[in-house]
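J.: First the structure, which I've put down as structure tokens, then a few questions once you've had a look.
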Amino acid sequence: MTHIRKAVFPVAGLGTRFLPATKSIPKEMLPLIDRPLIQYAVDEARAAGIEEFIFITSPGKATLEGYFDSNGALEDKLATAGKDGLLADLRISNMPEGQHSFVRQAQPLGLGHAVRLAARLVGNEPFAVLLPDDVIRAEIPCLKQMVAAHADIGGNMVATMDVPRAATSSYGVLDIEHRFGRTVRARGMVEKLAPDDAPSTQAVVGRYILQPSVMTRLQGQGAGAGGEIQLTDAIAADLATTPLNGYHFEGQRFDCGSVAGYIEATLAFALARPDLAASISAALTAPRQAMGWQ
Ligand code: G1P
């Protein structure tokens with residue numbers, strides 16, 4: 001069994017759906033309750049045993065890069081004041097030296113292009129990819145579920161969920177050969193086809209465990225759907241030598257790349273927090289007039 005040690009986090013996107021907020025804040029730094037979106041992906045990766053974190057950033061992402069530095073002065077202040085809870089919260093954002101790196105994507109040429117920029121750092125071993133826009137609330141973190149399944153079946157693996165057929169055009173979609181339990185064996189994978197052309201309604205969510213052969217296929221790969229270099233195309237091409245499995249994870253996925261999804265995630269996470277649940281639930285169920293909402 002191969003230990004999946006490295007994860008790639010593509011965080012170069014412009015976040016135009018959140019303008020003007022994202023004019024000076026990277027979208028991955030928008031807070032879901034009280035921690036930035038990127039923290040959820042990093043926590044999930046850590047829980048799955050990831051030890052090396054590779055962020056693909058772009059111009060304008062300095063705040064995100066700085067986020068992982070420790071702030072000694074603030075830590076000392078909180079320690080002296082005996083604010084241990086806050087100190088613990090602060091420290092989850094620290095990345096131990098040598099555990100993380102940043103690779104710059106100078107031009108937005110696509111997800112496949114972003115991932116292939118990590119080729120040298122990933123080297124010749126299987127690796128994970130996490131898209132931080134996809135936030136997944138689950139009892140067992142999604143990537144951890146996948147690592148366990150991958151230990152049994154190997155190959156390339158993508159997280160999947162069932163979506164309405166009309167929504168398939170927003171996703172990578174699997175061409176299903178057969179299903180066994182939570183796993184779906186795929187004979188193909190396509191990127192953002194029209195709903196009528198989608199081979200199934202099993203959509204790919206932003207969690208991948210990939211063999212280094214996918215990196216090799218990405219080298220020199222041309223543009224695909226939307227004129228971008230697509231990760232989907234490299235995974236599909238790799239089917240020539242590597243099996244592809246979809247993993248129907250247990251949990252709820254939120255598309256935090258969209259404003260509605262981000263608000264839904266905020267509510268779901270708030271309602272799961274003992275310190276917030278009562279007041280948020282009261283606000284949601286009270287007559288709108290009582291809240292001054294109309
Ligand atoms: C990317 C992938 C797509 C996948 C999706 C999941 O698309 O290209 O295959 O289904 O993430 O969120 P994006 O949403 O970045 O356009």
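Starting from 1 in every chain, residues are counted up; chains themselves are A, B, ... following the order of the structure tokens, and ligands are numbered from 1 as listed.
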Return as a list of chain:residue names the residues of protein, DNA or RNA that approach ligand 1 to within 6 Å, with only C-alpha atoms and all ligand atoms taken into account.
T.: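 Sorted by chain and then by number, the residues are A:Asp134, A:Tyr171, A:Gly172, A:Glu191, A:Ala203, A:Val204, A:Val205, A:Gly206, A:Thr232.
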J.: Store the residues of this selection in a file with N, CA, C and O atoms, as a PDB file, in the first residue's frame.
T.:
```
ATOM      1  N   ASP A 134     -14.556  23.302  -3.413  1.00  0.00           N
ATOM      2  CA  ASP A 134     -15.460  22.225  -3.003  1.00  0.00           C
ATOM      3  C   ASP A 134     -15.206  21.950  -1.531  1.00  0.00           C
ATOM      4  O   ASP A 134     -14.182  21.371  -1.156  1.00  0.00           O
ATOM      5  N   TYR A 171     -19.680  19.936 -14.785  1.00  0.00           N
ATOM      6  CA  TYR A 171     -18.761  19.004 -14.110  1.00  0.00           C
ATOM      7  C   TYR A 171     -18.017  18.106 -15.084  1.00  0.00           C
ATOM      8  O   TYR A 171     -18.431  17.916 -16.231  1.00  0.00           O
ATOM      9  N   GLY A 172     -16.964  17.466 -14.526  1.00  0.00           N
ATOM     10  CA  GLY A 172     -16.427  16.267 -15.146  1.00  0.00           C
ATOM     11  C   GLY A 172     -17.425  15.160 -14.825  1.00  0.00           C
ATOM     12  O   GLY A 172     -17.979  15.131 -13.731  1.00  0.00           O
ATOM     13  N   GLU A 191     -15.363  16.163 -19.796  1.00  0.00           N
ATOM     14  CA  GLU A 191     -15.431  17.449 -19.100  1.00  0.00           C
ATOM     15  C   GLU A 191     -16.530  18.329 -19.691  1.00  0.00           C
ATOM     16  O   GLU A 191     -16.494  18.651 -20.886  1.00  0.00           O
ATOM     17  N   ALA A 203     -21.090  12.921 -11.231  1.00  0.00           N
ATOM     18  CA  ALA A 203     -20.212  14.075 -11.441  1.00  0.00           C
ATOM     19  C   ALA A 203     -18.979  13.990 -10.552  1.00  0.00           C
ATOM     20  O   ALA A 203     -19.030  13.442  -9.442  1.00  0.00           O
ATOM     21  N   VAL A 204     -17.901  14.551 -11.054  1.00  0.00           N
ATOM     22  CA  VAL A 204     -16.639  14.569 -10.311  1.00  0.00           C
ATOM     23  C   VAL A 204     -16.614  15.782  -9.394  1.00  0.00           C
ATOM     24  O   VAL A 204     -16.900  16.903  -9.805  1.00  0.00           O
ATOM     25  N   VAL A 205     -16.291  15.526  -8.131  1.00  0.00           N
ATOM     26  CA  VAL A 205     -16.129  16.583  -7.135  1.00  0.00           C
ATOM     27  C   VAL A 205     -14.618  16.771  -6.949  1.00  0.00           C
ATOM     28  O   VAL A 205     -13.843  15.857  -7.249  1.00  0.00           O
ATOM     29  N   GLY A 206     -14.197  17.921  -6.475  1.00  0.00           N
ATOM     30  CA  GLY A 206     -12.779  18.268  -6.471  1.00  0.00           C
ATOM     31  C   GLY A 206     -11.863  17.563  -5.492  1.00  0.00           C
ATOM     32  O   GLY A 206     -11.133  18.204  -4.734  1.00  0.00           O
ATOM     33  N   THR A 232      -9.221  16.507 -16.434  1.00  0.00           N
ATOM     34  CA  THR A 232     -10.092  15.413 -16.878  1.00  0.00           C
ATOM     35  C   THR A 232      -9.505  14.697 -18.093  1.00  0.00           C
ATOM     36  O   THR A 232      -9.517  13.461 -18.164  1.00  0.00           O
TER      37      THR A 232
END
```
J.: Got a sec to tell me which of stretch 30-263 of chain A DSSP assigns to helix (DSSP H, G or I), as a PyMOL selection string?
T.: chain A and resi 37-47+62-67+72-80+84-91+111-116+119-122+142-153+165-170+195-197+212-218+225-227+231-238+259-263
J.: Please save C-alpha atoms of the selected residues as an mmCIF file, in the first residue's frame.
T.:
```
data_model
loop_
_atom_site.group_PDB
_atom_site.id
_atom_site.type_symbol
_atom_site.label_atom_id
_atom_site.label_comp_id
_atom_site.auth_asym_id
_atom_site.auth_seq_id
_atom_site.Cartn_x
_atom_site.Cartn_y
_atom_site.Cartn_z
ATOM 1 C CA LEU A 37 -11.930 28.250 2.816
ATOM 2 C CA ILE A 38 -8.363 27.072 2.276
ATOM 3 C CA GLN A 39 -8.154 25.942 5.905
ATOM 4 C CA TYR A 40 -10.927 23.381 5.362
ATOM 5 C CA ALA A 41 -9.031 21.783 2.479
ATOM 6 C CA VAL A 42 -5.771 21.762 4.446
ATOM 7 C CA ASP A 43 -7.490 20.211 7.489
ATOM 8 C CA GLU A 44 -9.044 17.537 5.285
ATOM 9 C CA ALA A 45 -5.679 16.752 3.706
ATOM 10 C CA ARG A 46 -3.954 16.558 7.105
ATOM 11 C CA ALA A 47 -6.659 14.193 8.385
ATOM 12 C CA ALA A 62 0.064 37.061 -1.317
ATOM 13 C CA THR A 63 -2.478 37.042 1.541
ATOM 14 C CA LEU A 64 -2.984 33.316 1.075
ATOM 15 C CA GLU A 65 0.755 32.657 1.048
ATOM 16 C CA GLY A 66 1.239 34.679 4.233
ATOM 17 C CA TYR A 67 -1.647 32.937 5.972
ATOM 18 C CA GLY A 72 4.953 34.672 16.981
ATOM 19 C CA ALA A 73 4.014 38.055 18.441
ATOM 20 C CA LEU A 74 0.288 37.248 18.424
ATOM 21 C CA GLU A 75 0.895 33.759 19.803
ATOM 22 C CA ASP A 76 2.946 35.219 22.696
ATOM 23 C CA LYS A 77 0.244 37.767 23.426
ATOM 24 C CA LEU A 78 -2.512 35.142 23.550
ATOM 25 C CA ALA A 79 -0.352 32.792 25.642
ATOM 26 C CA THR A 80 0.431 35.544 28.153
ATOM 27 C CA ASP A 84 -5.536 29.013 25.164
ATOM 28 C CA GLY A 85 -8.610 28.398 23.004
ATOM 29 C CA LEU A 86 -7.774 31.289 20.685
ATOM 30 C CA LEU A 87 -4.130 30.249 20.636
ATOM 31 C CA ALA A 88 -5.111 26.747 19.496
ATOM 32 C CA ASP A 89 -7.395 28.221 16.807
ATOM 33 C CA LEU A 90 -4.574 30.453 15.586
ATOM 34 C CA ARG A 91 -2.050 27.641 15.444
ATOM 35 C CA LEU A 111 -6.808 23.052 -13.990
ATOM 36 C CA GLY A 112 -4.637 20.545 -15.836
ATOM 37 C CA HIS A 113 -2.028 23.220 -16.430
ATOM 38 C CA ALA A 114 -2.107 24.204 -12.732
ATOM 39 C CA VAL A 115 -1.626 20.599 -11.617
ATOM 40 C CA ARG A 116 1.212 19.924 -14.041
ATOM 41 C CA ALA A 119 5.183 17.818 -11.459
ATOM 42 C CA ARG A 120 8.728 18.358 -10.202
ATOM 43 C CA LEU A 121 7.622 18.694 -6.570
ATOM 44 C CA VAL A 122 5.326 15.662 -6.742
ATOM 45 C CA CYS A 142 -13.690 12.898 2.226
ATOM 46 C CA LEU A 143 -10.032 12.468 1.258
ATOM 47 C CA LYS A 144 -9.538 10.104 4.205
ATOM 48 C CA GLN A 145 -12.423 7.956 2.929
ATOM 49 C CA MET A 146 -10.797 7.924 -0.497
ATOM 50 C CA VAL A 147 -7.327 7.062 0.810
ATOM 51 C CA ALA A 148 -8.808 4.034 2.587
ATOM 52 C CA ALA A 149 -10.651 2.889 -0.553
ATOM 53 C CA HIS A 150 -7.613 3.601 -2.728
ATOM 54 C CA ALA A 151 -5.437 1.391 -0.517
ATOM 55 C CA ASP A 152 -7.639 -1.533 -1.629
ATOM 56 C CA ILE A 153 -8.147 -0.767 -5.303
ATOM 57 C CA ARG A 165 -28.768 15.622 -15.560
ATOM 58 C CA ALA A 166 -29.260 19.324 -16.307
ATOM 59 C CA ALA A 167 -26.303 20.103 -14.015
ATOM 60 C CA THR A 168 -23.841 17.706 -15.678
ATOM 61 C CA SER A 169 -22.554 20.439 -17.981
ATOM 62 C CA SER A 170 -20.837 22.079 -14.981
ATOM 63 C CA PRO A 195 -26.458 17.327 -20.557
ATOM 64 C CA ASP A 196 -27.768 15.228 -23.448
ATOM 65 C CA ASP A 197 -24.229 14.055 -24.218
ATOM 66 C CA PRO A 212 2.296 9.987 -11.501
ATOM 67 C CA SER A 213 1.416 8.762 -15.008
ATOM 68 C CA VAL A 214 -1.304 11.465 -15.049
ATOM 69 C CA MET A 215 1.449 14.091 -14.632
ATOM 70 C CA THR A 216 3.270 12.560 -17.575
ATOM 71 C CA ARG A 217 0.128 12.737 -19.693
ATOM 72 C CA LEU A 218 -0.397 16.378 -18.707
ATOM 73 C CA ALA A 225 -13.196 22.020 -22.945
ATOM 74 C CA GLY A 226 -13.491 25.806 -22.621
ATOM 75 C CA GLY A 227 -10.119 26.234 -24.335
ATOM 76 C CA LEU A 231 -7.138 17.540 -15.751
ATOM 77 C CA THR A 232 -10.092 15.413 -16.878
ATOM 78 C CA ASP A 233 -8.480 14.823 -20.291
ATOM 79 C CA ALA A 234 -5.242 13.542 -18.733
ATOM 80 C CA ILE A 235 -7.136 11.175 -16.403
ATOM 81 C CA ALA A 236 -9.204 9.935 -19.347
ATOM 82 C CA ALA A 237 -6.063 9.392 -21.465
ATOM 83 C CA ASP A 238 -4.442 7.525 -18.576
ATOM 84 C CA VAL A 259 -22.267 32.700 -3.943
ATOM 85 C CA ALA A 260 -25.321 30.511 -3.220
ATOM 86 C CA GLY A 261 -23.173 27.474 -2.387
ATOM 87 C CA TYR A 262 -20.998 29.576 -0.116
ATOM 88 C CA ILE A 263 -24.033 30.849 1.785
#
```
J.: What's around A:Gln107 at 12 Å? Count only C-alpha atoms, leave out sequence neighbours fewer than 5 positions away in its own chain, and write the answer as a ChimeraX atom specification.
T.: /A:12-14,56-59,113-114,117,228-229
J.: Given the selection you just returned, output its residues as a file containing N, CA, C and O atoms, formatted as a short mmCIF file (atom, residue, chain, number, x, y, z; two decimals), in the first residue's frame.
T.:
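The new file again12.cif reads:
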```cif
data_model
loop_
_atom_site.label_atom_id
_atom_site.label_comp_id
_atom_site.auth_asym_id
_atom_site.auth_seq_id
_atom_site.Cartn_x
_atom_site.Cartn_y
_atom_site.Cartn_z
N ALA A 12 -5.20 29.23 -7.93
CA ALA A 12 -4.82 30.37 -8.77
C ALA A 12 -6.02 31.11 -9.35
O ALA A 12 -5.86 32.16 -9.96
N GLY A 13 -7.23 30.55 -9.15
CA GLY A 13 -8.42 31.14 -9.79
C GLY A 13 -8.69 32.58 -9.38
O GLY A 13 -8.29 33.02 -8.30
N LEU A 14 -9.39 33.28 -10.24
CA LEU A 14 -9.60 34.71 -10.03
C LEU A 14 -10.76 35.01 -9.07
O LEU A 14 -10.82 36.09 -8.48
N ILE A 56 -0.76 25.93 -5.84
CA ILE A 56 -0.52 26.57 -7.13
C ILE A 56 -1.21 27.93 -7.07
O ILE A 56 -2.45 28.00 -7.12
N THR A 57 -0.44 28.97 -6.91
CA THR A 57 -1.00 30.31 -6.72
C THR A 57 -0.81 31.14 -7.98
O THR A 57 -0.32 30.65 -9.00
N SER A 58 -1.18 32.38 -7.89
CA SER A 58 -1.08 33.28 -9.05
C SER A 58 -0.84 34.70 -8.52
O SER A 58 -0.95 34.92 -7.31
N PRO A 59 -0.55 35.63 -9.41
CA PRO A 59 -0.39 37.00 -8.94
C PRO A 59 -1.63 37.42 -8.14
O PRO A 59 -2.75 37.07 -8.51
N HIS A 113 -3.27 22.44 -16.38
CA HIS A 113 -2.03 23.22 -16.43
C HIS A 113 -1.54 23.52 -15.01
O HIS A 113 -0.36 23.35 -14.69
N ALA A 114 -2.48 23.90 -14.13
CA ALA A 114 -2.11 24.20 -12.73
C ALA A 114 -1.48 22.97 -12.08
O ALA A 114 -0.41 23.05 -11.45
N LEU A 117 2.08 22.01 -13.14
CA LEU A 117 3.16 22.86 -12.62
C LEU A 117 3.78 22.26 -11.35
O LEU A 117 4.87 22.63 -10.94
N GLU A 228 -9.31 25.30 -22.21
CA GLU A 228 -8.35 25.17 -21.11
C GLU A 228 -7.70 23.78 -21.11
O GLU A 228 -8.30 22.82 -21.60
N ILE A 229 -6.53 23.71 -20.52
CA ILE A 229 -5.86 22.40 -20.36
C ILE A 229 -6.55 21.71 -19.19
O ILE A 229 -6.52 22.20 -18.06
#
```
J.: For stretch 247-252 of chain A, please output as a ChimeraX atom specification all residues within 8 Å (counting only C-alpha atoms; exclusion window: fewer than 2 positions along the same chain).
T.: /A:136-140,142,145-146,149,157-161,182-184,245,254
J.: Which one is closest to A:Asn71: A:Arg104, A:Asn94, A:Val129, A:Gln99? Count only C-alpha atoms.
T.: A:Asn94
J.: Which residues come within 12 Å of stretch 281-288 of chain A, counting only C-alpha atoms, excluding same-chain residues fewer than 2 positions away, as a list in words?
T.: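 Within the cut-off, the hits are Leu267, Ala268, Phe269, Ala270, Leu271, Ala272, Arg273, Pro274, Asp275, Leu276, Ala277, Ala278, Ser279, Ala290, Met291, Gly292, Trp293 and Gln294 of chain A.
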J.: Output N, CA and C atoms for every residue in that selection, as an mmCIF file, in the first residue's frame.
T.:
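Saved to selection-v5.cif:
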```
data_model
loop_
_atom_site.group_PDB
_atom_site.id
_atom_site.type_symbol
_atom_site.label_atom_id
_atom_site.label_comp_id
_atom_site.auth_asym_id
_atom_site.auth_seq_id
_atom_site.Cartn_x
_atom_site.Cartn_y
_atom_site.Cartn_z
ATOM 1 N N LEU A 267 -24.377 28.403 6.339
ATOM 2 C CA LEU A 267 -25.509 28.027 7.197
ATOM 3 C C LEU A 267 -25.319 26.618 7.752
ATOM 4 N N ALA A 268 -24.914 25.684 6.909
ATOM 5 C CA ALA A 268 -24.764 24.292 7.374
ATOM 6 C C ALA A 268 -23.701 24.198 8.473
ATOM 7 N N PHE A 269 -22.583 24.889 8.258
ATOM 8 C CA PHE A 269 -21.524 24.827 9.270
ATOM 9 C C PHE A 269 -21.951 25.555 10.545
ATOM 10 N N ALA A 270 -22.675 26.644 10.393
ATOM 11 C CA ALA A 270 -23.133 27.393 11.579
ATOM 12 C C ALA A 270 -24.118 26.548 12.393
ATOM 13 N N LEU A 271 -25.038 25.872 11.693
ATOM 14 C CA LEU A 271 -26.043 25.067 12.392
ATOM 15 C C LEU A 271 -25.408 23.843 13.071
ATOM 16 N N ALA A 272 -24.200 23.485 12.653
ATOM 17 C CA ALA A 272 -23.520 22.350 13.289
ATOM 18 C C ALA A 272 -22.637 22.804 14.449
ATOM 19 N N ARG A 273 -22.565 24.111 14.668
ATOM 20 C CA ARG A 273 -21.699 24.617 15.751
ATOM 21 C C ARG A 273 -22.534 24.867 17.004
ATOM 22 N N PRO A 274 -22.189 24.218 18.121
ATOM 23 C CA PRO A 274 -22.979 24.375 19.339
ATOM 24 C C PRO A 274 -23.132 25.839 19.764
ATOM 25 N N ASP A 275 -22.104 26.662 19.527
ATOM 26 C CA ASP A 275 -22.181 28.055 19.982
ATOM 27 C C ASP A 275 -23.012 28.938 19.047
ATOM 28 N N LEU A 276 -23.350 28.443 17.857
ATOM 29 C CA LEU A 276 -24.086 29.283 16.906
ATOM 30 C C LEU A 276 -25.463 28.721 16.544
ATOM 31 N N ALA A 277 -25.626 27.402 16.724
ATOM 32 C CA ALA A 277 -26.811 26.723 16.194
ATOM 33 C C ALA A 277 -28.112 27.386 16.642
ATOM 34 N N ALA A 278 -28.242 27.650 17.937
ATOM 35 C CA ALA A 278 -29.523 28.146 18.438
ATOM 36 C C ALA A 278 -29.870 29.495 17.815
ATOM 37 N N SER A 279 -28.929 30.432 17.793
ATOM 38 C CA SER A 279 -29.271 31.764 17.302
ATOM 39 C C SER A 279 -29.504 31.762 15.781
ATOM 40 N N ALA A 290 -40.185 39.596 12.080
ATOM 41 C CA ALA A 290 -39.606 39.683 13.418
ATOM 42 C C ALA A 290 -38.105 39.957 13.315
ATOM 43 N N MET A 291 -37.484 39.493 12.225
ATOM 44 C CA MET A 291 -36.047 39.706 12.060
ATOM 45 C C MET A 291 -35.765 41.043 11.380
ATOM 46 N N GLY A 292 -36.823 41.771 11.018
ATOM 47 C CA GLY A 292 -36.623 43.018 10.293
ATOM 48 C C GLY A 292 -36.155 42.764 8.872
ATOM 49 N N TRP A 293 -36.481 41.561 8.293
ATOM 50 C CA TRP A 293 -35.993 41.199 6.966
ATOM 51 C C TRP A 293 -36.929 41.649 5.862
ATOM 52 N N GLN A 294 -38.101 42.229 6.201
ATOM 53 C CA GLN A 294 -38.935 42.750 5.111
ATOM 54 C C GLN A 294 -39.773 43.907 5.600
#
```
J.: So how many Å separate atom CA of A:Gly224 and atom CA of A:Leu244, to one decimal?
T.: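 It comes out at 19.6 Å.
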J.: Where does DSSP see strand (DSSP E) in stretch 102-282 of chain A, if you list the residues as a PyMOL selection string?
T.: chain A and resi 102-104+127-130+134-137+156-162+172-180+183-191+202-210+244-248+252-255
J.: Please write the residues from the selection above to a file, keeping C-alpha atoms, as a short mmCIF file (atom, residue, chain, number, x, y, z; two decimals), in the first residue's frame.
T.:
```
data_model
loop_
_atom_site.label_atom_id
_atom_site.label_comp_id
_atom_site.auth_asym_id
_atom_site.auth_seq_id
_atom_site.Cartn_x
_atom_site.Cartn_y
_atom_site.Cartn_z
CA PHE A 102 4.06 27.67 -3.66
CA VAL A 103 4.27 27.38 -7.41
CA ARG A 104 3.09 30.32 -9.46
CA PHE A 127 -0.57 12.29 -5.07
CA ALA A 128 -3.82 13.96 -4.08
CA VAL A 129 -5.45 17.04 -5.61
CA LEU A 130 -7.96 19.08 -3.59
CA ASP A 134 -15.46 22.23 -3.00
CA VAL A 135 -16.02 22.14 0.75
CA ILE A 136 -17.18 18.76 2.05
CA ARG A 137 -18.82 18.26 5.42
CA ASN A 156 -6.67 6.76 -10.33
CA MET A 157 -9.56 7.81 -8.12
CA VAL A 158 -11.96 10.77 -8.22
CA ALA A 159 -14.66 11.72 -5.73
CA THR A 160 -18.13 11.57 -7.23
CA MET A 161 -21.69 12.54 -6.48
CA ASP A 162 -24.93 12.13 -8.35
CA GLY A 172 -16.43 16.27 -15.15
CA VAL A 173 -18.66 13.20 -15.59
CA LEU A 174 -17.85 9.47 -15.51
CA ASP A 175 -18.77 6.91 -18.13
CA ILE A 176 -19.67 4.04 -15.81
CA GLU A 177 -18.65 0.45 -16.44
CA HIS A 178 -20.03 -1.00 -13.20
CA ARG A 179 -20.62 -0.15 -9.55
CA PHE A 180 -19.54 -1.99 -6.44
CA THR A 183 -17.02 2.63 -5.87
CA VAL A 184 -17.77 3.14 -9.54
CA ARG A 185 -15.45 1.65 -12.16
CA ALA A 186 -15.24 4.09 -15.08
CA ARG A 187 -14.38 3.43 -18.71
CA GLY A 188 -14.28 7.13 -19.55
CA MET A 189 -14.41 10.64 -18.14
CA VAL A 190 -15.55 13.77 -19.98
CA GLU A 191 -15.43 17.45 -19.10
CA GLN A 202 -22.01 10.74 -11.72
CA ALA A 203 -20.21 14.07 -11.44
CA VAL A 204 -16.64 14.57 -10.31
CA VAL A 205 -16.13 16.58 -7.14
CA GLY A 206 -12.78 18.27 -6.47
CA ARG A 207 -10.88 15.43 -4.75
CA TYR A 208 -8.51 13.21 -6.69
CA ILE A 209 -5.89 10.56 -5.94
CA LEU A 210 -3.73 10.26 -9.02
CA LEU A 244 -10.17 4.81 -12.99
CA ASN A 245 -12.55 4.57 -10.05
CA GLY A 246 -15.10 7.06 -8.83
CA TYR A 247 -15.64 7.09 -5.09
CA HIS A 248 -19.15 8.02 -4.01
CA GLN A 252 -22.30 16.85 1.86
CA ARG A 253 -20.47 18.92 -0.73
CA PHE A 254 -20.87 22.67 -1.09
CA ASP A 255 -19.80 24.60 -4.17
#
```
J.: Could you pull the residues within 10 Å of A:Lys27, counting only C-alpha atoms, minus those fewer than 5 positions along the same chain, as a PDB file with N, CA, C and O atoms, in the first residue's frame?
T.:
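Final file, selection-v5.pdb:
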```pdb
ATOM      1  N   VAL A  11      -4.985  26.973  -6.419  1.00  0.00           N
ATOM      2  CA  VAL A  11      -5.627  28.155  -5.816  1.00  0.00           C
ATOM      3  C   VAL A  11      -5.303  29.411  -6.624  1.00  0.00           C
ATOM      4  O   VAL A  11      -5.141  30.500  -6.061  1.00  0.00           O
ATOM      5  N   ALA A  12      -5.205  29.235  -7.934  1.00  0.00           N
ATOM      6  CA  ALA A  12      -4.817  30.371  -8.771  1.00  0.00           C
ATOM      7  C   ALA A  12      -6.018  31.115  -9.349  1.00  0.00           C
ATOM      8  O   ALA A  12      -5.860  32.164  -9.964  1.00  0.00           O
ATOM      9  N   GLY A  13      -7.228  30.555  -9.148  1.00  0.00           N
ATOM     10  CA  GLY A  13      -8.419  31.136  -9.793  1.00  0.00           C
ATOM     11  C   GLY A  13      -8.692  32.581  -9.382  1.00  0.00           C
ATOM     12  O   GLY A  13      -8.295  33.022  -8.304  1.00  0.00           O
ATOM     13  N   LEU A  14      -9.391  33.278 -10.241  1.00  0.00           N
ATOM     14  CA  LEU A  14      -9.605  34.714 -10.025  1.00  0.00           C
ATOM     15  C   LEU A  14     -10.762  35.009  -9.069  1.00  0.00           C
ATOM     16  O   LEU A  14     -10.823  36.087  -8.484  1.00  0.00           O
ATOM     17  N   GLY A  15     -11.707  34.094  -8.940  1.00  0.00           N
ATOM     18  CA  GLY A  15     -12.828  34.317  -8.018  1.00  0.00           C
ATOM     19  C   GLY A  15     -13.740  35.437  -8.456  1.00  0.00           C
ATOM     20  O   GLY A  15     -14.273  36.182  -7.633  1.00  0.00           O
ATOM     21  N   THR A  16     -13.960  35.546  -9.767  1.00  0.00           N
ATOM     22  CA  THR A  16     -14.734  36.691 -10.275  1.00  0.00           C
ATOM     23  C   THR A  16     -16.175  36.699  -9.767  1.00  0.00           C
ATOM     24  O   THR A  16     -16.795  37.752  -9.718  1.00  0.00           O
ATOM     25  N   ARG A  17     -16.683  35.514  -9.375  1.00  0.00           N
ATOM     26  CA  ARG A  17     -18.077  35.501  -8.907  1.00  0.00           C
ATOM     27  C   ARG A  17     -18.238  36.223  -7.577  1.00  0.00           C
ATOM     28  O   ARG A  17     -19.344  36.478  -7.140  1.00  0.00           O
ATOM     29  N   PHE A  18     -17.119  36.515  -6.920  1.00  0.00           N
ATOM     30  CA  PHE A  18     -17.199  37.198  -5.625  1.00  0.00           C
ATOM     31  C   PHE A  18     -16.679  38.632  -5.694  1.00  0.00           C
ATOM     32  O   PHE A  18     -16.367  39.219  -4.673  1.00  0.00           O
ATOM     33  N   LEU A  19     -16.576  39.181  -6.892  1.00  0.00           N
ATOM     34  CA  LEU A  19     -16.151  40.594  -7.005  1.00  0.00           C
ATOM     35  C   LEU A  19     -17.238  41.498  -6.444  1.00  0.00           C
ATOM     36  O   LEU A  19     -18.422  41.175  -6.597  1.00  0.00           O
ATOM     37  N   ALA A  21     -15.446  41.651  -3.623  1.00  0.00           N
ATOM     38  CA  ALA A  21     -14.722  41.158  -2.437  1.00  0.00           C
ATOM     39  C   ALA A  21     -13.358  40.582  -2.821  1.00  0.00           C
ATOM     40  O   ALA A  21     -12.353  40.781  -2.118  1.00  0.00           O
ATOM     41  N   THR A  22     -13.321  39.881  -3.966  1.00  0.00           N
ATOM     42  CA  THR A  22     -12.089  39.199  -4.351  1.00  0.00           C
ATOM     43  C   THR A  22     -11.127  40.094  -5.154  1.00  0.00           C
ATOM     44  O   THR A  22     -10.156  39.613  -5.718  1.00  0.00           O
ATOM     45  N   PRO A  36     -10.724  30.588   6.908  1.00  0.00           N
ATOM     46  CA  PRO A  36     -10.808  30.738   5.453  1.00  0.00           C
ATOM     47  C   PRO A  36     -11.033  29.398   4.765  1.00  0.00           C
ATOM     48  O   PRO A  36     -10.661  28.341   5.288  1.00  0.00           O
ATOM     49  N   LEU A  37     -11.625  29.465   3.585  1.00  0.00           N
ATOM     50  CA  LEU A  37     -11.930  28.250   2.816  1.00  0.00           C
ATOM     51  C   LEU A  37     -10.717  27.327   2.704  1.00  0.00           C
ATOM     52  O   LEU A  37     -10.840  26.114   2.831  1.00  0.00           O
ATOM     53  N   ILE A  38      -9.550  27.907   2.484  1.00  0.00           N
ATOM     54  CA  ILE A  38      -8.363  27.072   2.276  1.00  0.00           C
ATOM     55  C   ILE A  38      -8.071  26.197   3.498  1.00  0.00           C
ATOM     56  O   ILE A  38      -7.565  25.082   3.384  1.00  0.00           O
ATOM     57  N   LYS A  61      -2.125  36.601  -4.843  1.00  0.00           N
ATOM     58  CA  LYS A  61      -2.459  35.636  -3.787  1.00  0.00           C
ATOM     59  C   LYS A  61      -1.529  35.753  -2.571  1.00  0.00           C
ATOM     60  O   LYS A  61      -1.387  34.796  -1.801  1.00  0.00           O
ATOM     61  N   LEU A  64      -2.859  34.760   0.856  1.00  0.00           N
ATOM     62  CA  LEU A  64      -2.984  33.316   1.075  1.00  0.00           C
ATOM     63  C   LEU A  64      -1.621  32.729   1.443  1.00  0.00           C
ATOM     64  O   LEU A  64      -1.507  31.909   2.356  1.00  0.00           O
ATOM     65  N   PRO A 132     -10.142  23.624  -3.323  1.00  0.00           N
ATOM     66  CA  PRO A 132     -10.702  24.195  -2.093  1.00  0.00           C
ATOM     67  C   PRO A 132     -12.100  24.811  -2.250  1.00  0.00           C
ATOM     68  O   PRO A 132     -12.800  24.968  -1.251  1.00  0.00           O
ATOM     69  N   ASP A 133     -12.512  25.108  -3.483  1.00  0.00           N
ATOM     70  CA  ASP A 133     -13.882  25.606  -3.699  1.00  0.00           C
ATOM     71  C   ASP A 133     -14.914  24.575  -3.254  1.00  0.00           C
ATOM     72  O   ASP A 133     -16.027  24.917  -2.869  1.00  0.00           O
ATOM     73  N   CYS A 256     -18.442  26.195  -2.973  1.00  0.00           N
ATOM     74  CA  CYS A 256     -18.142  27.519  -2.429  1.00  0.00           C
ATOM     75  C   CYS A 256     -17.512  28.440  -3.470  1.00  0.00           C
ATOM     76  O   CYS A 256     -17.098  29.556  -3.142  1.00  0.00           O
ATOM     77  N   GLY A 257     -17.452  27.987  -4.710  1.00  0.00           N
ATOM     78  CA  GLY A 257     -17.052  28.868  -5.803  1.00  0.00           C
ATOM     79  C   GLY A 257     -18.230  29.685  -6.297  1.00  0.00           C
ATOM     80  O   GLY A 257     -18.075  30.595  -7.102  1.00  0.00           O
TER      81      GLY A 257
END
```
